[in-house]
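The file target.cif contains mmCIF, C-alpha atoms:
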```cif
data_data
loop_
_atom_site.label_atom_id
_atom_site.label_comp_id
_atom_site.auth_asym_id
_atom_site.auth_seq_id
_atom_site.Cartn_x
_atom_site.Cartn_y
_atom_site.Cartn_z
CA MET A 1 -13.53 -68.90 31.75
CA LYS A 2 -10.40 -68.67 33.89
CA LYS A 3 -7.53 -66.54 32.65
CA ASN A 4 -4.31 -68.41 31.95
CA ILE A 5 -1.32 -66.56 33.45
CA ALA A 6 2.39 -67.38 33.18
CA VAL A 7 4.74 -66.02 35.84
CA ILE A 8 8.47 -66.00 35.09
CA GLY A 9 10.65 -66.08 38.22
CA GLY A 10 10.20 -67.87 41.53
CA GLY A 11 11.57 -65.22 43.87
CA ALA A 12 9.66 -62.92 46.23
CA ALA A 13 7.85 -60.92 43.53
CA GLY A 14 7.15 -63.95 41.34
CA MET A 15 5.73 -66.13 44.11
CA MET A 16 3.58 -63.27 45.38
CA ALA A 17 2.35 -62.49 41.85
CA ALA A 18 1.48 -66.15 41.25
CA TYR A 19 -0.36 -66.41 44.57
CA ALA A 20 -2.31 -63.16 44.02
CA ALA A 21 -3.30 -64.10 40.47
CA ALA A 22 -4.49 -67.57 41.52
CA LYS A 23 -6.29 -66.15 44.55
CA SER A 24 -8.07 -63.79 42.14
CA GLY A 25 -9.38 -66.70 40.10
CA ALA A 26 -6.77 -67.25 37.39
CA GLN A 27 -5.09 -70.46 36.33
CA VAL A 28 -1.42 -69.81 37.07
CA THR A 29 1.82 -71.50 36.07
CA LEU A 30 5.14 -70.34 37.53
CA TYR A 31 8.41 -70.97 35.66
CA GLU A 32 11.69 -70.96 37.62
CA LYS A 33 15.05 -71.82 36.07
CA ASN A 34 16.62 -72.87 39.38
CA GLU A 35 16.15 -76.20 41.13
CA LYS A 36 14.03 -74.58 43.86
CA LEU A 37 12.01 -71.48 44.64
CA GLY A 38 13.21 -68.49 46.63
CA LYS A 39 17.00 -68.84 46.28
CA LYS A 40 17.58 -65.14 46.92
CA ILE A 41 15.07 -65.04 49.78
CA TYR A 42 17.08 -67.83 51.37
CA ILE A 43 20.23 -65.68 51.70
CA THR A 44 18.62 -62.34 52.57
CA GLY A 45 19.20 -60.91 56.02
CA LYS A 46 22.19 -63.26 56.47
CA GLY A 47 19.85 -66.20 56.13
CA ARG A 48 17.20 -64.79 58.49
CA CYS A 49 15.13 -62.94 55.84
CA ASN A 50 14.13 -59.41 56.80
CA VAL A 51 10.67 -59.81 55.24
CA THR A 52 9.49 -56.20 55.59
CA ASN A 53 9.60 -53.16 57.86
CA ASP A 54 6.78 -52.45 60.33
CA CYS A 55 6.81 -48.71 59.64
CA SER A 56 4.28 -46.08 58.62
CA ARG A 57 3.43 -45.38 54.98
CA ASP A 58 5.41 -42.11 55.03
CA VAL A 59 8.51 -43.76 56.47
CA PHE A 60 8.32 -46.49 53.83
CA PHE A 61 8.32 -44.00 50.97
CA ASP A 62 11.14 -42.01 52.59
CA GLN A 63 13.27 -45.16 52.34
CA VAL A 64 12.63 -45.69 48.62
CA VAL A 65 15.53 -44.06 46.78
CA THR A 66 14.44 -44.45 43.15
CA ASN A 67 10.91 -43.71 41.83
CA PRO A 68 8.96 -43.85 45.12
CA LYS A 69 5.82 -42.29 43.56
CA PHE A 70 5.59 -45.21 41.15
CA LEU A 71 4.87 -47.45 44.15
CA TYR A 72 1.90 -45.55 45.60
CA SER A 73 -0.80 -47.83 44.14
CA ALA A 74 1.16 -51.03 44.78
CA PHE A 75 1.75 -50.19 48.44
CA GLU A 76 -1.85 -49.07 48.95
CA THR A 77 -3.06 -52.35 47.43
CA PHE A 78 -0.77 -54.60 49.48
CA ASP A 79 1.24 -52.93 52.23
CA ASN A 80 3.59 -54.16 54.96
CA GLN A 81 0.75 -55.03 57.35
CA ALA A 82 -0.87 -57.18 54.64
CA VAL A 83 2.39 -59.07 54.05
CA MET A 84 2.85 -59.74 57.76
CA GLN A 85 -0.73 -60.94 58.15
CA LEU A 86 -0.47 -63.22 55.10
CA LEU A 87 2.77 -64.88 56.19
CA GLU A 88 1.55 -65.45 59.73
CA GLN A 89 -1.70 -66.96 58.47
CA ALA A 90 0.42 -69.22 56.24
CA GLY A 91 2.21 -70.58 59.30
CA CYS A 92 5.25 -68.32 59.57
CA PRO A 93 5.15 -66.39 62.89
CA LEU A 94 7.00 -63.05 62.75
CA LYS A 95 8.79 -60.76 65.18
CA THR A 96 9.86 -57.12 65.01
CA GLU A 97 13.38 -56.06 65.95
CA ARG A 98 15.44 -52.86 66.15
CA GLY A 99 14.62 -50.39 63.39
CA ASN A 100 11.18 -52.03 62.91
CA ARG A 101 12.80 -54.84 60.92
CA VAL A 102 10.51 -57.86 60.68
CA PHE A 103 11.92 -61.42 60.74
CA PRO A 104 10.50 -64.92 61.12
CA VAL A 105 10.46 -65.92 64.80
CA SER A 106 12.60 -68.92 63.92
CA ASP A 107 15.30 -66.73 62.32
CA HIS A 108 15.19 -69.11 59.34
CA SER A 109 14.49 -67.68 55.88
CA SER A 110 13.47 -71.18 54.79
CA ASP A 111 10.31 -70.78 56.88
CA VAL A 112 9.28 -67.77 54.78
CA ILE A 113 9.83 -69.76 51.58
CA ARG A 114 7.85 -72.72 52.92
CA ALA A 115 4.96 -70.43 53.87
CA LEU A 116 4.87 -69.01 50.34
CA GLU A 117 5.03 -72.51 48.85
CA ARG A 118 2.04 -73.53 50.98
CA LEU A 119 0.11 -70.53 49.67
CA LEU A 120 0.94 -71.46 46.07
CA GLN A 121 -0.11 -75.05 46.65
CA LYS A 122 -3.34 -74.00 48.36
CA GLU A 123 -4.31 -71.83 45.37
CA GLY A 124 -3.41 -74.50 42.82
CA VAL A 125 -0.42 -72.77 41.21
CA LYS A 126 1.55 -75.12 38.95
CA VAL A 127 5.29 -74.74 39.54
CA HIS A 128 7.83 -75.76 36.89
CA LEU A 129 11.42 -75.84 38.17
CA HIS A 130 14.49 -76.16 35.93
CA SER A 131 12.46 -74.20 33.36
CA SER A 132 14.54 -71.55 31.66
CA VAL A 133 12.62 -69.05 29.55
CA LYS A 134 14.10 -67.89 26.24
CA ARG A 135 11.72 -65.06 25.37
CA VAL A 136 8.28 -63.52 25.74
CA LEU A 137 5.96 -64.21 22.81
CA GLU A 138 3.96 -61.39 21.25
CA GLU A 139 1.34 -61.33 18.54
CA ASP A 140 -0.65 -58.41 17.14
CA GLY A 141 0.79 -56.05 19.76
CA GLN A 142 -0.13 -58.31 22.66
CA ALA A 143 1.86 -60.63 24.96
CA VAL A 144 0.58 -64.13 24.25
CA GLY A 145 2.94 -66.42 26.13
CA LEU A 146 6.56 -67.48 26.36
CA GLU A 147 9.12 -69.76 24.76
CA LEU A 148 11.27 -72.03 26.91
CA SER A 149 14.97 -72.59 26.24
CA ASP A 150 14.17 -76.05 24.85
CA GLY A 151 11.99 -74.44 22.20
CA LYS A 152 8.64 -75.33 23.74
CA ARG A 153 6.03 -72.56 23.39
CA ILE A 154 3.55 -71.82 26.16
CA GLN A 155 0.39 -69.85 25.43
CA ALA A 156 -0.91 -67.45 28.09
CA ASP A 157 -3.42 -64.61 28.39
CA SER A 158 -0.89 -62.61 30.40
CA VAL A 159 2.80 -62.91 31.28
CA ILE A 160 4.32 -61.55 34.50
CA VAL A 161 8.09 -60.97 34.43
CA ALA A 162 9.58 -61.18 37.95
CA THR A 163 13.13 -62.26 37.16
CA GLY A 164 15.01 -60.02 39.58
CA GLY A 165 17.96 -57.85 38.67
CA LEU A 166 21.70 -58.49 38.44
CA SER A 167 22.57 -58.66 42.14
CA TYR A 168 23.69 -62.03 43.55
CA PRO A 169 23.98 -63.67 40.09
CA SER A 170 24.63 -67.02 41.82
CA THR A 171 20.91 -67.09 42.68
CA GLY A 172 19.96 -66.87 39.00
CA SER A 173 19.61 -63.09 38.67
CA THR A 174 21.33 -62.72 35.32
CA GLY A 175 19.38 -59.88 33.72
CA ASP A 176 17.02 -62.00 31.59
CA GLY A 177 14.07 -59.71 32.28
CA TYR A 178 15.97 -56.68 31.00
CA ARG A 179 16.72 -58.42 27.71
CA TRP A 180 13.08 -59.43 27.22
CA ALA A 181 11.93 -55.91 28.10
CA GLU A 182 14.23 -54.37 25.50
CA ALA A 183 13.24 -57.00 22.93
CA THR A 184 9.60 -56.01 23.40
CA GLY A 185 10.27 -52.28 22.97
CA HIS A 186 10.79 -51.15 26.55
CA LYS A 187 13.49 -48.81 27.75
CA VAL A 188 15.84 -50.21 30.38
CA VAL A 189 17.63 -47.73 32.65
CA ALA A 190 21.35 -48.57 32.98
CA CYS A 191 21.94 -50.95 35.86
CA THR A 192 24.48 -50.49 38.65
CA PRO A 193 25.10 -52.32 41.94
CA SER A 194 23.30 -50.78 44.92
CA LEU A 195 23.30 -51.53 48.64
CA VAL A 196 26.88 -52.57 48.09
CA PRO A 197 30.20 -52.07 49.95
CA PHE A 198 32.65 -49.29 49.03
CA VAL A 199 36.17 -49.86 47.80
CA THR A 200 38.36 -47.10 49.28
CA GLU A 201 41.71 -45.68 48.28
CA ASP A 202 42.83 -45.60 51.90
CA THR A 203 45.19 -48.51 52.60
CA TRP A 204 44.69 -48.22 56.36
CA CYS A 205 41.12 -49.56 56.03
CA ALA A 206 42.52 -53.03 55.30
CA LYS A 207 44.42 -52.95 58.60
CA LEU A 208 41.05 -52.74 60.36
CA GLN A 209 39.43 -55.63 58.46
CA GLY A 210 36.61 -57.12 60.53
CA LEU A 211 36.32 -54.18 62.93
CA ALA A 212 32.70 -53.04 63.38
CA LEU A 213 31.91 -49.57 64.68
CA LYS A 214 28.53 -48.88 66.27
CA ASN A 215 26.81 -45.55 66.95
CA VAL A 216 28.85 -43.57 64.44
CA ASN A 217 27.71 -40.95 61.95
CA LEU A 218 28.64 -41.23 58.27
CA ALA A 219 28.44 -38.37 55.77
CA LEU A 220 29.01 -39.00 52.05
CA TYR A 221 30.18 -36.24 49.70
CA PHE A 222 30.02 -36.46 45.91
CA ASP A 223 31.79 -33.72 43.96
CA GLY A 224 31.95 -31.65 47.16
CA LYS A 225 28.22 -31.91 47.89
CA GLU A 226 26.80 -33.91 50.79
CA ILE A 227 24.42 -36.53 49.37
CA TYR A 228 23.89 -38.75 52.40
CA GLN A 229 24.16 -38.67 56.16
CA GLY A 230 23.23 -41.45 58.54
CA PHE A 231 23.77 -42.85 62.04
CA GLY A 232 24.38 -46.49 62.90
CA GLU A 233 26.83 -49.31 62.29
CA MET A 234 29.60 -49.91 59.77
CA LEU A 235 32.32 -52.46 59.11
CA PHE A 236 35.89 -52.30 57.79
CA THR A 237 36.83 -54.85 55.12
CA HIS A 238 39.99 -55.91 53.29
CA PHE A 239 39.03 -53.58 50.42
CA GLY A 240 37.27 -50.71 52.19
CA VAL A 241 34.05 -50.38 54.18
CA SER A 242 30.67 -52.11 54.45
CA GLY A 243 27.85 -52.53 56.97
CA PRO A 244 24.34 -51.01 57.15
CA LEU A 245 25.44 -47.35 57.05
CA VAL A 246 27.70 -47.90 54.05
CA LEU A 247 25.13 -49.95 52.15
CA SER A 248 22.56 -47.17 52.55
CA ALA A 249 25.10 -44.55 51.47
CA SER A 250 25.90 -46.61 48.37
CA SER A 251 22.30 -46.22 47.14
CA TYR A 252 22.72 -42.46 47.03
CA TYR A 253 26.17 -42.79 45.50
CA SER A 254 24.84 -45.01 42.71
CA ALA A 255 21.98 -42.61 42.02
CA GLN A 256 24.29 -39.57 41.98
CA LEU A 257 26.86 -41.31 39.80
CA ALA A 258 24.16 -42.28 37.29
CA LYS A 259 22.99 -38.64 37.06
CA TRP A 260 26.57 -37.38 36.69
CA THR A 261 27.42 -39.98 34.04
CA LYS A 262 24.32 -39.16 32.00
CA LYS A 263 25.05 -35.44 32.17
CA ASN A 264 28.70 -35.84 31.20
CA GLU A 265 28.55 -38.93 28.96
CA LYS A 266 29.91 -37.03 25.93
CA LYS A 267 32.63 -35.29 27.92
CA LYS A 268 35.77 -37.20 28.77
CA LEU A 269 35.86 -36.13 32.40
CA SER A 270 37.40 -38.04 35.25
CA ARG A 271 34.90 -39.09 37.91
CA PRO A 272 34.40 -36.48 40.67
CA GLU A 273 35.93 -37.15 44.05
CA CYS A 274 33.73 -38.99 46.49
CA ARG A 275 34.66 -39.02 50.15
CA ILE A 276 33.34 -40.29 53.45
CA GLU A 277 33.58 -38.34 56.68
CA LEU A 278 33.08 -40.52 59.74
CA ASN A 279 32.16 -38.97 63.08
CA LEU A 280 33.39 -41.41 65.74
CA LYS A 281 31.79 -39.44 68.61
CA PRO A 282 28.50 -38.08 67.21
CA ALA A 283 26.92 -37.74 70.66
CA LEU A 284 29.40 -34.95 71.49
CA THR A 285 29.49 -31.45 70.06
CA ALA A 286 32.86 -30.06 68.99
CA GLU A 287 33.07 -28.17 72.29
CA GLN A 288 32.13 -31.22 74.36
CA LEU A 289 34.68 -33.37 72.55
CA ASP A 290 37.42 -30.82 73.19
CA LYS A 291 36.53 -30.83 76.90
CA ARG A 292 36.61 -34.64 76.89
CA LEU A 293 40.10 -34.60 75.37
CA LEU A 294 41.24 -32.02 77.91
CA ARG A 295 40.04 -34.26 80.74
CA GLU A 296 41.80 -37.29 79.24
CA PHE A 297 45.01 -35.35 78.75
CA ASP A 298 44.94 -33.66 82.17
CA SER A 299 44.65 -37.02 83.92
CA GLN A 300 47.59 -38.48 81.93
CA LYS A 301 49.92 -35.48 81.55
CA ASN A 302 53.16 -37.43 81.80
CA LYS A 303 52.16 -40.31 79.58
CA ASN A 304 53.14 -40.69 75.96
CA PHE A 305 50.36 -39.62 73.60
CA GLY A 306 50.23 -43.14 72.16
CA ASN A 307 49.31 -44.54 75.57
CA ALA A 308 46.86 -41.82 76.56
CA ILE A 309 44.00 -42.42 74.12
CA ASP A 310 43.10 -46.01 75.03
CA GLY A 311 39.73 -44.98 76.43
CA LEU A 312 38.66 -43.17 73.28
CA PHE A 313 38.65 -45.90 70.62
CA PRO A 314 38.58 -49.67 70.08
CA ALA A 315 42.13 -51.06 70.46
CA ARG A 316 42.56 -51.87 66.77
CA LEU A 317 41.62 -48.34 65.74
CA ILE A 318 44.23 -46.65 67.96
CA PRO A 319 47.31 -47.20 65.70
CA VAL A 320 45.40 -45.78 62.71
CA MET A 321 44.26 -42.72 64.66
CA LEU A 322 47.83 -42.16 65.85
CA GLU A 323 49.13 -42.40 62.31
CA LEU A 324 46.52 -40.03 60.88
CA SER A 325 46.86 -37.51 63.71
CA GLY A 326 50.39 -36.55 62.75
CA ILE A 327 51.31 -36.43 66.46
CA GLU A 328 54.32 -38.52 67.47
CA PRO A 329 53.15 -41.42 69.69
CA GLU A 330 56.13 -40.84 72.04
CA LYS A 331 55.29 -37.17 72.55
CA LYS A 332 54.34 -36.40 76.15
CA VAL A 333 50.72 -35.42 76.60
CA HIS A 334 51.61 -32.19 78.40
CA GLU A 335 53.65 -31.16 75.33
CA ILE A 336 50.70 -31.38 72.95
CA THR A 337 49.66 -27.92 71.78
CA LYS A 338 46.12 -26.60 71.66
CA GLN A 339 46.34 -26.58 67.86
CA GLU A 340 47.38 -30.26 67.81
CA ARG A 341 44.59 -31.18 70.21
CA GLN A 342 41.98 -29.37 68.13
CA LYS A 343 43.30 -30.99 64.95
CA PHE A 344 42.99 -34.39 66.64
CA ALA A 345 39.41 -33.57 67.70
CA ALA A 346 38.62 -32.61 64.10
CA LEU A 347 39.98 -36.00 62.95
CA ILE A 348 37.69 -37.79 65.42
CA ARG A 349 34.68 -35.86 64.11
CA LYS A 350 35.61 -36.14 60.43
CA LEU A 351 37.70 -39.26 59.86
CA PRO A 352 38.20 -39.07 56.06
CA MET A 353 38.09 -41.85 53.48
CA THR A 354 38.17 -41.59 49.69
CA VAL A 355 35.76 -43.80 47.77
CA GLU A 356 37.31 -45.38 44.69
CA LYS A 357 34.21 -47.29 43.55
CA THR A 358 31.48 -49.60 44.74
CA GLY A 359 31.74 -53.37 44.89
CA GLU A 360 30.43 -55.53 42.04
CA PHE A 361 26.98 -57.08 41.46
CA ALA A 362 28.10 -60.26 43.22
CA GLU A 363 28.30 -58.24 46.45
CA ALA A 364 25.22 -56.06 45.87
CA ILE A 365 21.96 -56.62 47.71
CA ILE A 366 19.90 -54.86 45.04
CA THR A 367 20.17 -53.53 41.49
CA ARG A 368 19.71 -49.85 40.70
CA GLY A 369 18.15 -49.34 37.27
CA GLY A 370 15.90 -51.64 35.28
CA VAL A 371 12.67 -51.41 33.31
CA TYR A 372 11.78 -47.75 32.83
CA VAL A 373 8.79 -47.10 35.09
CA LYS A 374 7.15 -44.68 32.63
CA ASP A 375 6.69 -47.69 30.33
CA VAL A 376 4.63 -49.39 33.07
CA ASN A 377 1.19 -48.50 34.43
CA PRO A 378 1.70 -47.95 38.20
CA SER A 379 -1.94 -48.80 38.92
CA THR A 380 -1.65 -52.31 37.45
CA MET A 381 2.06 -53.06 36.73
CA GLU A 382 1.04 -53.75 33.11
CA SER A 383 3.25 -52.58 30.28
CA LYS A 384 2.05 -49.49 28.43
CA ARG A 385 3.87 -50.77 25.34
CA LEU A 386 2.74 -54.40 25.25
CA PRO A 387 -0.67 -55.23 26.76
CA GLY A 388 -0.72 -58.51 28.63
CA LEU A 389 2.86 -58.11 29.85
CA TYR A 390 3.44 -57.23 33.51
CA PHE A 391 6.58 -56.47 35.52
CA ALA A 392 7.19 -56.91 39.27
CA GLY A 393 10.05 -56.65 41.73
CA GLU A 394 13.70 -55.87 41.18
CA VAL A 395 13.41 -55.99 37.38
CA LEU A 396 11.79 -52.52 37.67
CA ASP A 397 13.81 -49.32 38.13
CA VAL A 398 12.90 -49.06 41.81
CA ASP A 399 15.23 -49.54 44.78
CA ALA A 400 15.21 -48.75 48.48
CA LEU A 401 17.45 -48.76 51.55
CA THR A 402 18.15 -51.75 53.80
CA GLY A 403 15.67 -52.77 56.48
CA GLY A 404 13.12 -54.90 54.62
CA PHE A 405 12.06 -52.17 52.19
CA ASN A 406 13.24 -53.84 48.97
CA LEU A 407 11.40 -57.05 49.81
CA GLN A 408 8.30 -54.96 50.49
CA VAL A 409 8.67 -53.48 46.99
CA ALA A 410 8.72 -57.05 45.64
CA TRP A 411 5.66 -58.13 47.67
CA SER A 412 3.62 -55.03 46.74
CA THR A 413 4.43 -54.94 43.02
CA GLY A 414 4.07 -58.73 42.75
CA TYR A 415 0.67 -58.73 44.40
CA LEU A 416 -0.59 -55.85 42.25
CA ALA A 417 0.72 -57.45 39.05
CA GLY A 418 -0.97 -60.74 39.96
CA THR A 419 -4.38 -59.32 40.82
CA SER A 420 -4.28 -57.02 37.78
CA ALA A 421 -3.32 -59.79 35.38
CA ALA A 422 -6.14 -61.94 36.76
CA GLY A 423 -8.55 -59.13 35.99
CA SER A 424 -9.68 -58.20 39.49
CA ASN A 425 -8.42 -54.63 39.04
CA LYS A 426 -10.19 -54.18 35.72
CA GLY A 427 -13.70 -54.81 36.94
CA GLU A 428 -13.85 -58.11 35.07
#
```

Taking this structure as input, can you express it in the form of structure tokens?
Amino acid sequence: MKKNIAVIGGGAAGMMAAYAAAKSGAQVTLYEKNEKLGKKIYITGKGRCNVTNDCSRDVFFDQVVTNPKFLYSAFETFDNQAVMQLLEQAGCPLKTERGNRVFPVSDHSSDVIRALERLLQKEGVKVHLHSSVKRVLEEDGQAVGLELSDGKRIQADSVIVATGGLSYPSTGSTGDGYRWAEATGHKVVACTPSLVPFVTEDTWCAKLQGLALKNVNLALYFDGKEIYQGFGEMLFTHFGVSGPLVLSASSYYSAQLAKWTKKNEKKKLSRPECRIELNLKPALTAEQLDKRLLREFDSQKNKNFGNAIDGLFPARLIPVMLELSGIEPEKKVHEITKQERQKFAALIRKLPMTVEKTGEFAEAIITRGGVYVKDVNPSTMESKRLPGLYFAGEVLDVDALTGGFNLQVAWSTGYLAGTSAAGSNKGE
């Protein structure tokens, strides 16, 4: 007799879980409270959908910030190559770009969603849209189904919760899964925005709104200790900084802040200082940069300092660098002292910014925190506290850096939850 499985959530993890369970022989019904499937997939990668990363196993786990070991079985069961093969077979050709990021050839995230919908249809998954779930039903220490918001009760042999986190609440990620997890006796690790822009105390950042810097190095310091360093691209905003480098740094900031808060929760301490140091010329050593400045200055000895650094920075950045340098713009280049030149070189290598906080969940790509992974069997994604209940995707306390890694977490955990719930991983 076929197992009857209910999947809650029609995002990446939920659709993959439903497909995998049906493919493994179960009768599957998927419940989604939105008017369509894949609302968050639709906006990922600026509408292009970075479906995964075509990297090695070791590189993948290096990019998982929180609880990477928990994902070993899930990734081994259904890895990035398996996702790519499945989507292409379902009629969504893929391409690999810089940083091994994988996108649909069409650059349309809707093609990824349509491919998944075709897979669901092929395997006979019943999809119920506009179906908001109120709670998970349990009986005699077992998950036995769910109750919809209209009071209707649905019986099921297993329930898979794939409701996402709190990021992008406009897509329906409103923390329902966390509430159900707590209601059924699971611990939920405090949630914070991750892969999110920084709000800075430095007012000059707003003057550079919209300016993108490429090939820079960013170091992040929390309470005086370096917690992240990366090379790439960043963007100035009206409130601070964003872009790939900043989003990655924010993952480490969120993790460090959570540890610090837990350690000092009973002490009324002000939050430690967090600062960014931006190296605008990372390809040059300190000595090489000093020689570069000497060459620039020697060729423009009689110019004003403010007119002699045009070749060093984007035009919009020049007034800010002049202001922060402390050197008068009208000062003649030949009058600049060695000490002033070296101080200016140090500014170029360590342009400082003070982080006030991260942006809110509405701006976050992913949620840090979620269902405590020690309450979940990593080999099956089944709850250790309530048999028959499974978790997949962002609802779990697992998060990774940008580049397709978080979607891979969703695909892998969803697939493992689906096959396990259907019984294929239990020798049934």

**Request:** Just the residues within 9 Å of A:Ala143, please, counting only C-alpha atoms, with nothing from its chain fewer than 4 positions along; format it as a ChimeraX atom specification.
**Result:** /A:136-139,156-159,386-389

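The space separating atom CA of A:Val65 from atom CA of A:Ala249 comes to 10.7 Å.
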
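Applied to the shown file, the PyMOL selection byres ((chain A and resi 229) around 9) selects the residues Asn217, Leu218, Ala219, Leu220, Glu226, Ile227, Tyr228, Gly230, Phe231, Leu245 and Ala249 of chain A.
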
**Request:** Write out as a list in words which residues come within 12 Å of A:Lys262 when counting only C-alpha atoms, dropping same-chain ones fewer than 6 positions away.
**Result:** Val189, Ala190, Ala255, Gln256 and Leu269 of chain A

**Request:** Just say which residues the PyMOL selection byres ((chain A and resi 273) around 6) picks in this file, as a ChimeraX atom specification.
**Result:** /A:223,272,274

Kindly reconstruct stretch 90-96 of chain A with all heavy atoms and present the result as a PDB file, in the coordinates of the input.
```
ATOM      1  N   ALA A  90      -0.121 -68.083  56.990  1.00  0.00           N
ATOM      2  CA  ALA A  90       0.420 -69.220  56.240  1.00  0.00           C
ATOM      3  C   ALA A  90       1.367 -70.059  57.092  1.00  0.00           C
ATOM      4  O   ALA A  90       2.047 -70.950  56.578  1.00  0.00           O
ATOM      5  CB  ALA A  90       1.129 -68.732  54.987  1.00  0.00           C
ATOM      6  N   GLY A  91       1.427 -69.755  58.392  1.00  0.00           N
ATOM      7  CA  GLY A  91       2.210 -70.580  59.300  1.00  0.00           C
ATOM      8  C   GLY A  91       3.635 -70.138  59.529  1.00  0.00           C
ATOM      9  O   GLY A  91       4.477 -70.942  59.935  1.00  0.00           O
ATOM     10  N   CYS A  92       3.907 -68.840  59.305  1.00  0.00           N
ATOM     11  CA  CYS A  92       5.250 -68.320  59.570  1.00  0.00           C
ATOM     12  C   CYS A  92       5.144 -67.168  60.570  1.00  0.00           C
ATOM     13  O   CYS A  92       4.982 -66.005  60.172  1.00  0.00           O
ATOM     14  CB  CYS A  92       5.904 -67.839  58.270  1.00  0.00           C
ATOM     15  SG  CYS A  92       7.586 -67.170  58.494  1.00  0.00           S
ATOM     16  N   PRO A  93       5.228 -67.452  61.878  1.00  0.00           N
ATOM     17  CA  PRO A  93       5.150 -66.390  62.890  1.00  0.00           C
ATOM     18  C   PRO A  93       6.301 -65.396  62.719  1.00  0.00           C
ATOM     19  O   PRO A  93       7.426 -65.785  62.376  1.00  0.00           O
ATOM     20  CB  PRO A  93       5.290 -67.154  64.214  1.00  0.00           C
ATOM     21  CG  PRO A  93       5.026 -68.580  63.891  1.00  0.00           C
ATOM     22  CD  PRO A  93       5.438 -68.781  62.470  1.00  0.00           C
ATOM     23  N   LEU A  94       6.012 -64.115  62.960  1.00  0.00           N
ATOM     24  CA  LEU A  94       7.000 -63.050  62.750  1.00  0.00           C
ATOM     25  C   LEU A  94       7.289 -62.305  64.041  1.00  0.00           C
ATOM     26  O   LEU A  94       6.514 -62.339  64.994  1.00  0.00           O
ATOM     27  CB  LEU A  94       6.477 -62.068  61.698  1.00  0.00           C
ATOM     28  CG  LEU A  94       6.120 -62.645  60.323  1.00  0.00           C
ATOM     29  CD1 LEU A  94       5.482 -61.584  59.448  1.00  0.00           C
ATOM     30  CD2 LEU A  94       7.369 -63.230  59.642  1.00  0.00           C
ATOM     31  N   LYS A  95       8.416 -61.601  64.048  1.00  0.00           N
ATOM     32  CA  LYS A  95       8.790 -60.760  65.180  1.00  0.00           C
ATOM     33  C   LYS A  95       9.397 -59.468  64.636  1.00  0.00           C
ATOM     34  O   LYS A  95       9.916 -59.432  63.518  1.00  0.00           O
ATOM     35  CB  LYS A  95       9.808 -61.470  66.078  1.00  0.00           C
ATOM     36  CG  LYS A  95      11.112 -61.833  65.362  1.00  0.00           C
ATOM     37  CD  LYS A  95      12.084 -62.559  66.272  1.00  0.00           C
ATOM     38  CE  LYS A  95      13.350 -62.978  65.510  1.00  0.00           C
ATOM     39  NZ  LYS A  95      14.325 -63.672  66.366  1.00  0.00           N
ATOM     40  N   THR A  96       9.312 -58.410  65.425  1.00  0.00           N
ATOM     41  CA  THR A  96       9.860 -57.120  65.010  1.00  0.00           C
ATOM     42  C   THR A  96      11.043 -56.759  65.892  1.00  0.00           C
ATOM     43  O   THR A  96      10.958 -56.818  67.121  1.00  0.00           O
ATOM     44  CB  THR A  96       8.776 -56.020  65.116  1.00  0.00           C
ATOM     45  OG1 THR A  96       7.660 -56.401  64.305  1.00  0.00           O
ATOM     46  CG2 THR A  96       9.312 -54.684  64.630  1.00  0.00           C
TER      47      THR A  96
END
```
